[in-house]
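A.B. asks: Input model12.txt, format and content: compact mmCIF, C-alpha atoms.
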```txt
# COMPACT_ATOMS: atom_id res chain seq x y z
CA MET A 768 -2.47 -29.48 32.60
CA ALA A 769 -1.65 -30.10 28.98
CA LYS A 770 -0.47 -27.09 27.04
CA THR A 771 -3.65 -25.82 25.41
CA LYS A 772 -3.56 -23.75 22.27
CA ARG A 773 -5.92 -20.82 22.54
CA PRO A 774 -8.47 -21.28 19.77
CA PRO A 775 -8.75 -18.36 17.33
CA LEU A 776 -11.59 -16.04 18.26
CA THR A 777 -14.67 -16.33 16.11
CA PRO A 778 -17.51 -13.79 16.02
CA GLU A 779 -19.87 -16.53 17.26
CA SER A 780 -17.69 -17.12 20.34
CA GLN A 781 -18.29 -13.48 21.38
CA LEU A 782 -22.08 -13.77 21.43
CA PRO A 783 -24.30 -12.89 23.16
CA LEU A 784 -22.87 -9.46 23.96
CA ALA A 785 -23.57 -7.67 27.22
CA PRO A 786 -25.98 -4.76 26.61
CA ALA A 787 -23.31 -2.17 27.53
CA THR A 788 -20.86 -3.78 25.11
CA PHE A 789 -23.36 -3.75 22.24
CA HIS A 790 -24.19 -0.11 22.92
CA ILE A 791 -20.50 0.81 22.74
CA LEU A 792 -20.06 -1.06 19.45
CA LEU A 793 -23.17 0.66 18.06
CA ALA A 794 -21.75 4.03 19.09
CA LEU A 795 -18.52 3.27 17.24
CA VAL A 796 -20.19 2.12 14.01
CA GLY A 797 -20.31 5.71 12.77
CA GLY A 798 -16.58 6.32 13.30
CA GLU A 799 -14.02 6.76 16.04
CA ARG A 800 -15.00 8.43 19.28
CA HIS A 801 -13.48 9.21 22.68
CA GLY A 802 -14.97 7.99 25.96
CA TYR A 803 -17.23 10.94 26.70
CA SER A 804 -18.51 10.99 23.14
CA ILE A 805 -19.40 7.27 23.38
CA MET A 806 -21.18 7.90 26.66
CA LYS A 807 -23.17 10.84 25.24
CA GLU A 808 -24.10 8.88 22.12
CA VAL A 809 -25.40 5.93 24.14
CA THR A 810 -27.39 8.17 26.49
CA SER A 811 -28.99 10.16 23.66
CA ARG A 812 -29.74 7.08 21.48
CA THR A 813 -31.45 5.31 24.39
CA GLU A 814 -33.13 8.56 25.50
CA GLY A 815 -31.42 8.32 28.88
CA ALA A 816 -32.47 4.71 29.55
CA VAL A 817 -28.85 3.53 29.46
CA ARG A 818 -26.32 5.61 31.34
CA MET A 819 -22.79 4.30 31.60
CA GLY A 820 -20.43 5.55 34.26
CA PRO A 821 -16.68 5.90 33.61
CA GLY A 822 -15.92 2.55 35.26
CA THR A 823 -18.50 0.61 33.26
CA LEU A 824 -17.44 2.29 30.02
CA TYR A 825 -13.69 1.82 30.38
CA GLY A 826 -14.10 -1.68 31.83
CA ALA A 827 -16.07 -2.66 28.73
CA LEU A 828 -13.60 -0.86 26.42
CA LYS A 829 -10.70 -2.71 28.03
CA ARG A 830 -12.37 -6.07 27.31
CA LEU A 831 -13.24 -5.00 23.77
CA LEU A 832 -9.61 -3.97 23.16
CA GLU A 833 -8.35 -7.28 24.55
CA GLY A 834 -10.85 -9.20 22.40
CA GLY A 835 -9.77 -7.32 19.27
CA LEU A 836 -13.24 -5.85 18.67
CA VAL A 837 -12.06 -2.29 19.17
CA GLU A 838 -8.71 -0.60 18.62
CA GLU A 839 -7.21 2.66 19.76
CA GLY A 840 -7.06 5.44 17.24
CA SER A 841 -5.17 8.66 17.56
CA GLU A 842 -4.94 10.73 20.74
CA ARG A 843 -6.06 14.30 20.27
CA ALA A 844 -8.01 17.11 21.91
CA ASP A 845 -11.71 17.66 21.35
CA ALA A 846 -12.20 21.37 20.64
CA GLU A 847 -15.65 21.34 22.28
CA LEU A 848 -14.32 19.93 25.55
CA GLY A 849 -11.02 21.71 26.04
CA ASP A 850 -7.32 21.19 25.44
CA ASP A 851 -6.90 17.81 27.08
CA ARG A 852 -5.81 15.08 24.70
CA ARG A 853 -8.24 12.19 24.61
CA ARG A 854 -7.88 8.65 23.46
CA TYR A 855 -10.11 7.77 20.52
CA TYR A 856 -11.46 4.28 19.88
CA ARG A 857 -12.69 2.67 16.68
CA LEU A 858 -14.24 -0.60 15.59
CA THR A 859 -12.08 -3.26 13.99
CA LYS A 860 -13.37 -5.38 11.08
CA PHE A 861 -13.79 -8.22 13.57
CA GLY A 862 -15.74 -5.94 15.92
CA LEU A 863 -18.02 -4.89 13.06
CA ARG A 864 -18.72 -8.54 12.21
CA VAL A 865 -19.53 -9.29 15.86
CA ALA A 866 -21.84 -6.26 16.07
CA ARG A 867 -23.63 -7.37 12.87
CA MET A 868 -24.08 -10.90 14.19
CA GLU A 869 -25.41 -9.63 17.51
CA ALA A 870 -27.86 -7.34 15.68
CA ARG A 871 -29.07 -10.33 13.62
CA ARG A 872 -29.41 -12.42 16.76
CA LEU A 873 -31.48 -9.74 18.47
CA GLU A 874 -33.56 -9.26 15.31
CA ALA A 875 -34.37 -12.99 15.25
CA MET A 876 -35.42 -12.83 18.90
CA VAL A 877 -37.69 -9.85 18.27
CA ARG A 878 -39.18 -11.66 15.24
CA ALA A 879 -39.90 -14.68 17.44
CA ALA A 880 -41.47 -12.44 20.08
CA ARG A 881 -43.70 -10.86 17.40
CA GLN A 882 -44.80 -14.26 16.15
CA LYS A 883 -45.78 -15.13 19.69
CA LYS A 884 -47.60 -11.77 19.84
CA LEU A 885 -45.52 -10.78 22.85
CA ILE A 886 -44.85 -7.34 21.46
CA ALA A 887 -48.43 -6.83 20.28
CA MET A 888 -49.63 -7.68 23.77
CA GLU A 889 -47.54 -4.87 25.26
CA PRO A 890 -49.37 -1.58 25.83
CA ALA A 891 -48.52 1.00 23.13
CA MET B 13 -11.09 21.04 41.68
CA THR B 14 -12.30 19.26 44.80
CA ALA B 15 -14.77 16.95 43.04
CA GLU B 16 -12.02 15.71 40.74
CA ARG B 17 -9.76 15.03 43.72
CA VAL B 18 -12.52 13.04 45.40
CA TYR B 19 -13.06 11.08 42.19
CA ARG B 20 -9.32 10.33 41.98
CA LEU B 21 -9.59 8.89 45.48
CA LEU B 22 -12.56 6.81 44.35
CA LEU B 23 -10.41 5.41 41.53
CA ARG B 24 -8.31 3.66 44.15
CA VAL B 25 -10.91 0.91 44.35
CA TYR B 26 -9.75 -0.31 40.90
CA PRO B 27 -6.79 -2.66 40.36
CA SER B 28 -3.60 -0.62 39.89
CA ASP B 29 -3.01 -1.88 36.31
CA PHE B 30 -6.44 -0.75 35.22
CA ARG B 31 -6.04 2.56 37.05
CA SER B 32 -2.72 3.34 35.43
CA GLU B 33 -4.08 2.45 31.97
CA TYR B 34 -7.45 4.20 32.15
CA GLY B 35 -7.35 6.42 35.26
CA ARG B 36 -6.54 9.60 33.35
CA GLU B 37 -9.24 8.98 30.72
CA MET B 38 -11.76 8.18 33.44
CA THR B 39 -10.93 11.38 35.29
CA LEU B 40 -11.38 13.39 32.08
CA LEU B 41 -14.72 11.70 31.51
CA PHE B 42 -15.72 12.41 35.10
CA ARG B 43 -14.79 16.07 34.63
CA ASP B 44 -17.01 16.32 31.53
CA GLU B 45 -19.85 14.52 33.26
CA TYR B 46 -19.57 16.71 36.35
CA ARG B 47 -19.62 19.87 34.23
CA MET B 48 -22.65 18.77 32.21
CA ARG B 49 -24.52 16.97 35.01
CA ASP B 50 -28.28 17.28 34.99
CA ALA B 51 -28.87 15.70 38.39
CA THR B 52 -28.44 16.90 41.98
CA ALA B 53 -24.94 16.59 43.43
CA LEU B 54 -26.11 13.76 45.69
CA ALA B 55 -27.68 11.76 42.84
CA PHE B 56 -24.62 12.37 40.69
CA TRP B 57 -22.20 11.14 43.36
CA ALA B 58 -24.43 8.18 44.17
CA SER B 59 -24.29 7.12 40.51
CA MET B 60 -20.48 7.54 40.48
CA VAL B 61 -20.03 5.46 43.64
CA TRP B 62 -22.37 2.76 42.31
CA ASP B 63 -20.51 2.71 38.97
CA ALA B 64 -17.12 2.43 40.71
CA ALA B 65 -18.36 -0.28 43.10
CA HIS B 66 -19.78 -2.68 40.54
CA SER B 67 -17.25 -2.09 37.76
CA ALA B 68 -14.29 -2.39 40.18
CA MET B 69 -15.70 -5.67 41.44
CA SER B 70 -15.74 -7.17 37.94
CA MET B 71 -12.20 -5.83 37.35
CA TRP B 72 -10.96 -7.56 40.50
CA VAL B 73 -12.65 -10.81 39.45
CA ASP B 74 -10.71 -10.59 36.15
CA VAL B 75 -7.47 -9.99 38.06
CA TRP B 76 -8.08 -12.96 40.39
CA LEU B 77 -8.94 -15.26 37.48
CA ALA B 78 -5.75 -14.21 35.68
CA ARG B 79 -3.74 -14.85 38.86
CA GLY B 80 -5.37 -18.28 39.18
CA LYS B 81 -4.28 -19.18 35.65
CA GLU B 82 -0.77 -17.88 36.37
CA TYR B 83 -0.67 -20.01 39.55
CA THR B 84 -1.74 -23.10 37.54
CA ARG B 85 1.00 -22.46 34.96
CA THR B 86 3.60 -22.22 37.76
CA PHE B 87 2.27 -25.44 39.26
CA GLU B 88 2.54 -27.20 35.87
CA VAL B 89 6.20 -26.16 35.51
CA ILE B 90 6.96 -27.35 39.06
CA MET B 91 5.30 -30.72 38.39
CA LYS B 92 7.30 -31.12 35.16
CA LEU B 93 10.51 -30.50 37.10
CA ALA B 94 9.35 -32.92 39.79
CA GLY B 95 8.57 -35.51 37.10
CA THR B 96 12.05 -35.15 35.60
CA LEU B 97 13.57 -35.40 39.08
CA ALA B 98 11.57 -38.57 39.82
CA VAL B 99 12.74 -40.18 36.55
CA LEU B 100 16.39 -39.27 37.29
CA PHE B 101 16.27 -40.50 40.89
CA GLY B 102 14.41 -43.62 39.79
CA ALA B 103 17.09 -44.38 37.19
CA PHE B 104 19.79 -43.67 39.78
CA GLY B 105 18.05 -45.96 42.30
CA ALA B 106 17.70 -48.77 39.75
CA LEU B 107 21.39 -48.51 38.74
CA ASN B 108 22.42 -48.42 42.38
CA ALA B 109 20.36 -51.54 43.17
CA LEU B 110 21.80 -53.34 40.13
CA ALA B 111 25.36 -52.38 41.18
CA GLU B 112 24.64 -53.80 44.63
CA ALA B 113 23.26 -56.98 43.02
CA MET B 114 26.41 -57.34 40.88
CA ALA B 115 28.59 -56.90 43.98
CA ALA B 116 26.49 -59.38 45.90
CA MET B 117 26.79 -61.94 43.09
CA ARG B 118 30.51 -62.08 43.72
CA GLY B 119 29.84 -63.30 47.28
CA THR B 120 27.14 -65.45 48.75
CA LEU B 121 23.78 -63.80 48.39
CA GLU B 122 21.56 -64.23 51.40
CA GLY B 123 17.78 -64.10 51.30
CA ALA B 124 17.15 -60.67 52.86
CA PRO B 125 19.65 -58.61 50.82
CA LEU B 126 18.43 -60.26 47.59
CA LEU B 127 14.83 -59.32 48.44
CA ALA B 128 15.94 -55.79 49.33
CA ILE B 129 17.65 -55.43 45.95
CA VAL B 130 14.61 -56.73 44.06
CA LEU B 131 12.38 -54.35 46.02
CA GLY B 132 14.81 -51.49 45.39
CA VAL B 133 14.70 -52.08 41.64
CA ALA B 134 10.89 -52.33 41.72
CA ALA B 135 10.60 -49.08 43.73
CA ALA B 136 12.98 -47.32 41.33
CA ALA B 137 10.99 -48.58 38.31
CA LEU B 138 7.77 -47.26 39.91
CA LEU B 139 9.46 -43.90 40.55
CA ILE B 140 10.40 -43.73 36.86
CA THR B 141 6.79 -44.61 35.94
CA ALA B 142 5.50 -41.85 38.24
CA GLY B 143 7.96 -39.33 36.78
CA THR B 144 7.02 -40.24 33.21
CA ALA B 145 3.30 -39.99 34.07
CA LEU B 146 3.84 -36.54 35.63
CA LEU B 147 5.59 -35.38 32.48
CA ARG B 148 2.49 -36.33 30.46
CA SER B 149 0.62 -33.60 32.37
CA THR B 150 -2.85 -35.13 32.02
CA LEU B 151 -5.42 -36.19 34.59
CA SER B 152 -4.85 -39.87 33.76
CA GLY B 153 -1.09 -39.24 34.08
CA ARG B 154 -1.71 -37.69 37.48
CA ASN B 155 -3.70 -40.76 38.59
CA THR B 156 -1.01 -43.13 37.28
CA ALA B 157 1.65 -41.09 39.10
CA THR B 158 -0.34 -41.29 42.36
CA ILE B 159 -0.68 -45.09 42.14
CA ALA B 160 2.99 -45.53 41.19
CA LEU B 161 4.16 -43.23 44.01
CA VAL B 162 2.06 -45.00 46.65
CA ALA B 163 3.28 -48.42 45.40
CA SER B 164 6.89 -47.19 45.37
CA LEU B 165 6.51 -45.86 48.92
CA VAL B 166 5.04 -49.16 50.19
CA ILE B 167 7.80 -51.17 48.48
CA ILE B 168 10.59 -48.98 49.82
CA LEU B 169 9.14 -49.26 53.36
CA ILE B 170 9.14 -53.07 53.04
CA ALA B 171 12.73 -52.88 51.73
CA ARG B 172 13.66 -50.71 54.73
CA LEU B 173 12.21 -53.36 57.10
CA THR B 174 14.03 -56.23 55.38
CA HIS B 175 17.20 -54.18 54.91
CA PRO B 176 17.65 -52.10 58.12
CA TRP B 177 21.12 -50.85 57.10
CA MET B 178 19.67 -48.97 54.08
CA SER B 179 21.63 -45.72 53.64
CA ILE B 180 20.18 -42.39 54.83
CA LEU B 181 20.37 -41.03 51.25
CA SER B 182 18.41 -44.00 49.90
CA GLN B 183 15.77 -43.52 52.60
CA LEU B 184 15.55 -39.80 51.91
CA ILE B 185 15.06 -40.38 48.21
CA GLY B 186 13.00 -43.53 48.46
CA ILE B 187 10.60 -42.27 51.14
CA GLY B 188 10.96 -38.48 51.00
CA LEU B 189 10.54 -38.01 47.25
CA PRO B 190 7.24 -39.95 46.89
CA VAL B 191 5.82 -38.25 50.00
CA VAL B 192 6.71 -34.77 48.70
CA LEU B 193 5.36 -35.56 45.21
CA LEU B 194 2.12 -36.98 46.61
CA ALA B 195 1.66 -33.93 48.81
CA ALA B 196 2.30 -31.62 45.84
CA LEU B 197 -0.12 -33.56 43.63
CA HIS B 198 -2.96 -33.59 46.11
CA TRP B 199 -2.50 -30.36 48.04
CA PRO B 200 -5.71 -28.34 47.69
CA ARG B 201 -5.15 -25.72 45.04
CA ARG B 202 -6.79 -22.32 44.70
CA HIS B 203 -7.59 -22.85 41.04
CA ASP B 204 -7.76 -25.97 38.92
CA HIS B 205 -7.43 -25.36 35.22
CA PRO B 206 -10.41 -26.81 33.39
CA SER B 207 -8.16 -28.26 30.68
CA SER B 208 -6.48 -30.55 33.22
CA ALA B 209 -9.81 -31.93 34.37
CA ALA B 210 -10.90 -32.52 30.81
CA ALA B 211 -7.69 -34.30 29.81
```
Please rewrite the model in this file as structure tokens.
C.D. replies:
Amino acid sequence: MAKTKRPPLTPESQLPLAPATFHILLALVGGERHGYSIMKEVTSRTEGAVRMGPGTLYGALKRLLEGGLVEEGSERADAELGDDRRRYYRLTKFGLRVARMEARRLEAMVRAARQKKLIAMEPA
Amino acid sequence: MTAERVYRLLLRVYPSDFRSEYGREMTLLFRDEYRMRDATALAFWASMVWDAAHSAMSMWVDVWLARGKEYTRTFEVIMKLAGTLAVLFGAFGALNALAEAMAAMRGTLEGAPLLAIVLGVAAAALLITAGTALLRSTLSGRNTATIALVASLVIILIARLTHPWMSILSQLIGIGLPVVLLAALHWPRRHDHPSSAAA
């Protein structure tokens, strides 16, 4: 019941990231994007293996905004999609650090899997 | 557009805060997806319903967790007020018992009233201890408060038996306050903050 000070967020405290979250951060590494653009980028990068619906995408974005990993950019229309103004999202410096650490973590896991010949054992 | 209307209805499964913040963006995204869809209408709608069902569930869990924390904060404030009240009433009770003792010293002090005064002072001191422990807001403080409140209650009941003409106000404070505080301390709560258990 004692008044607890919320500890400052560290990149380590955010790991491991949920797959959907990491995909969103990866999509934003190249620059700011609106929701549909993030969704398209994730689908094309994963060749359709990962498809995020609006609820999953905006639920994850909400958490990323609250965690300070992503921030809102400007609100403007996308000429390709019509006149409706869309909210754009971009990575923060903190979000970029978290994404880098997650990538390193995954890389280390893949390296360990290779050493154990797990990947080599998989059919090509 | 009918599909968009149906999707807006589907958005009602989300908590209202989330809907008002992201509902418009989600509808725009749905519109784009619907226009560019590469699946049959049935498969497309199945994926939308599935997405809404599982993402709304996690949103509601977040809302309930936040409410639980809010409830715990409210409970902490109430217990602080109760602690302050217990200290004040304890001090009042102790002063009152001492005043009675002073008055009694002027006359002949019989056995029973003297015992009642001593018990009254002890019960008041325990009430102060309980109040101070509640103000510490830790698990050990909570345990100390429980012991002090039970002891105070037992002592005041003995005082009531040895001193049947105890005033209604004294009985209300001496018996009612510990009972209410004990009930508040040990009433099953919907959410216990982990920090309180760790303290």
A.B. asks: Could you make a table, as JSON lines, of the residues of chain B that have an atom within 7 Å of an atom of chain A, each with its nearest atom pair and distance in Å to one decimal, counting all atoms listed in the file, in chain and number order?
C.D. replies:
```
{"residue": "B:Tyr34", "atom": "CA", "partner": "A:Tyr825", "partner_atom": "CA", "distance": 6.9}
{"residue": "B:Glu37", "atom": "CA", "partner": "A:Arg853", "partner_atom": "CA", "distance": 7.0}
{"residue": "B:Met38", "atom": "CA", "partner": "A:Pro821", "partner_atom": "CA", "distance": 5.4}
{"residue": "B:Leu41", "atom": "CA", "partner": "A:Tyr803", "partner_atom": "CA", "distance": 5.5}
{"residue": "B:Phe42", "atom": "CA", "partner": "A:Pro821", "partner_atom": "CA", "distance": 6.7}
{"residue": "B:Met60", "atom": "CA", "partner": "A:Gly820", "partner_atom": "CA", "distance": 6.5}
{"residue": "B:Asp63", "atom": "CA", "partner": "A:Gly820", "partner_atom": "CA", "distance": 5.5}
{"residue": "B:Ala64", "atom": "CA", "partner": "A:Gly822", "partner_atom": "CA", "distance": 5.6}
{"residue": "B:Ser67", "atom": "CA", "partner": "A:Thr823", "partner_atom": "CA", "distance": 5.4}
{"residue": "B:Glu88", "atom": "CA", "partner": "A:Met768", "partner_atom": "CA", "distance": 6.4}
{"residue": "B:Ser149", "atom": "CA", "partner": "A:Met768", "partner_atom": "CA", "distance": 5.2}
{"residue": "B:Thr150", "atom": "CA", "partner": "A:Met768", "partner_atom": "CA", "distance": 5.7}
{"residue": "B:His205", "atom": "CA", "partner": "A:Met768", "partner_atom": "CA", "distance": 7.0}
{"residue": "B:Ser207", "atom": "CA", "partner": "A:Met768", "partner_atom": "CA", "distance": 6.1}
{"residue": "B:Ser208", "atom": "CA", "partner": "A:Met768", "partner_atom": "CA", "distance": 4.2}
```
A.B. asks: Return the single residue from B:Leu21, B:Ala157, B:Val130, B:Leu93 that is closest to Leu107 in chain B, with distances computed using only C-alpha atoms.
C.D. replies: B:Val130
A.B. asks: Please list as a PDB file with C-alpha atoms, in the frame of the given file every residue within 7 Å of Arg800 in chain A, counting only C-alpha atoms and excluding residues in the same chain fewer than 6 positions away.
C.D. replies:
```
ATOM      1  CA  TYR A 855     -10.110   7.770  20.520  1.00  0.00           C
ATOM      2  CA  TYR A 856     -11.460   4.280  19.880  1.00  0.00           C
ATOM      3  CA  ARG A 857     -12.690   2.670  16.680  1.00  0.00           C
TER       4      ARG A 857
END
```
A.B. asks: When you draw a straight line from CA of Leu138 in chain B to CA of Tyr83 in chain B, how long is it in Å?
C.D. replies: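 According to the coordinates, CA of Leu138 in chain B and CA of Tyr83 in chain B are separated by 28.5 Å.
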A.B. asks: Calculated over only C-alpha atoms, which of the candidates A:Val837, A:Val817, A:Leu776, A:Val809 has the smallest distance to Ala866 in chain A?
C.D. replies: A:Val837
A.B. asks: May I have the protein, DNA and RNA residues with an atom at most 9 Å from (-24.3, -13.9, 17.0), counting all atoms listed in the file in the file's coordinates, returned as number ranges by chain?
C.D. replies: A: 778-784, 865-873
A.B. asks: Quick one: residues within 9 Å of Arg43 in chain B, only C-alpha atoms counted, chain neighbours fewer than 4 positions away excluded, as a PyMOL selection string?
C.D. replies: chain B and resi 15-16+38-39+47-48
A.B. asks: Enter the distance from CA of Ala128 in chain B to CA of Ile185 in chain B, in Å, rounded to one decimal.
C.D. replies: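 About the pair CA of Ala128 in chain B and CA of Ile185 in chain B: they are 15.5 Å apart.
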A.B. asks: What does the distance from CA of Asp50 in chain B to CA of Asp845 in chain A come to in Å, to one decimal?
C.D. replies: 21.5 Å
A.B. asks: List as a list in words the protein and nucleic acid residues near Gly102 in chain B, meaning an atom at most 10 Å away when all atoms listed in the file are counted, but skip any in the same chain fewer than 2 places from it.
C.D. replies: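 With the cut-off at 10 Å, the set is Thr96, Leu97, Ala98, Val99, Leu100, Phe104, Gly105, Ala106, Leu107, Asn108, Gly132, Val133, Ala134, Ala135, Ala136, Ala137, Leu138, Leu139, Ile140, Thr141, Ala142, Gly143, Ile185 and Gly186 of chain B.
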A.B. asks: Taking C-alpha atoms for each residue, export the selection above as a short mmCIF file (atom, residue, chain, number, x, y, z; two decimals), keeping the file's coordinate frame.
C.D. replies:
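Result file result01.cif:
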```cif
data_model
loop_
_atom_site.label_atom_id
_atom_site.label_comp_id
_atom_site.auth_asym_id
_atom_site.auth_seq_id
_atom_site.Cartn_x
_atom_site.Cartn_y
_atom_site.Cartn_z
CA THR B 96 12.05 -35.15 35.60
CA LEU B 97 13.57 -35.40 39.08
CA ALA B 98 11.57 -38.57 39.82
CA VAL B 99 12.74 -40.18 36.55
CA LEU B 100 16.39 -39.27 37.29
CA PHE B 104 19.79 -43.67 39.78
CA GLY B 105 18.05 -45.96 42.30
CA ALA B 106 17.70 -48.77 39.75
CA LEU B 107 21.39 -48.51 38.74
CA ASN B 108 22.42 -48.42 42.38
CA GLY B 132 14.81 -51.49 45.39
CA VAL B 133 14.70 -52.08 41.64
CA ALA B 134 10.89 -52.33 41.72
CA ALA B 135 10.60 -49.08 43.73
CA ALA B 136 12.98 -47.32 41.33
CA ALA B 137 10.99 -48.58 38.31
CA LEU B 138 7.77 -47.26 39.91
CA LEU B 139 9.46 -43.90 40.55
CA ILE B 140 10.40 -43.73 36.86
CA THR B 141 6.79 -44.61 35.94
CA ALA B 142 5.50 -41.85 38.24
CA GLY B 143 7.96 -39.33 36.78
CA ILE B 185 15.06 -40.38 48.21
CA GLY B 186 13.00 -43.53 48.46
#
```
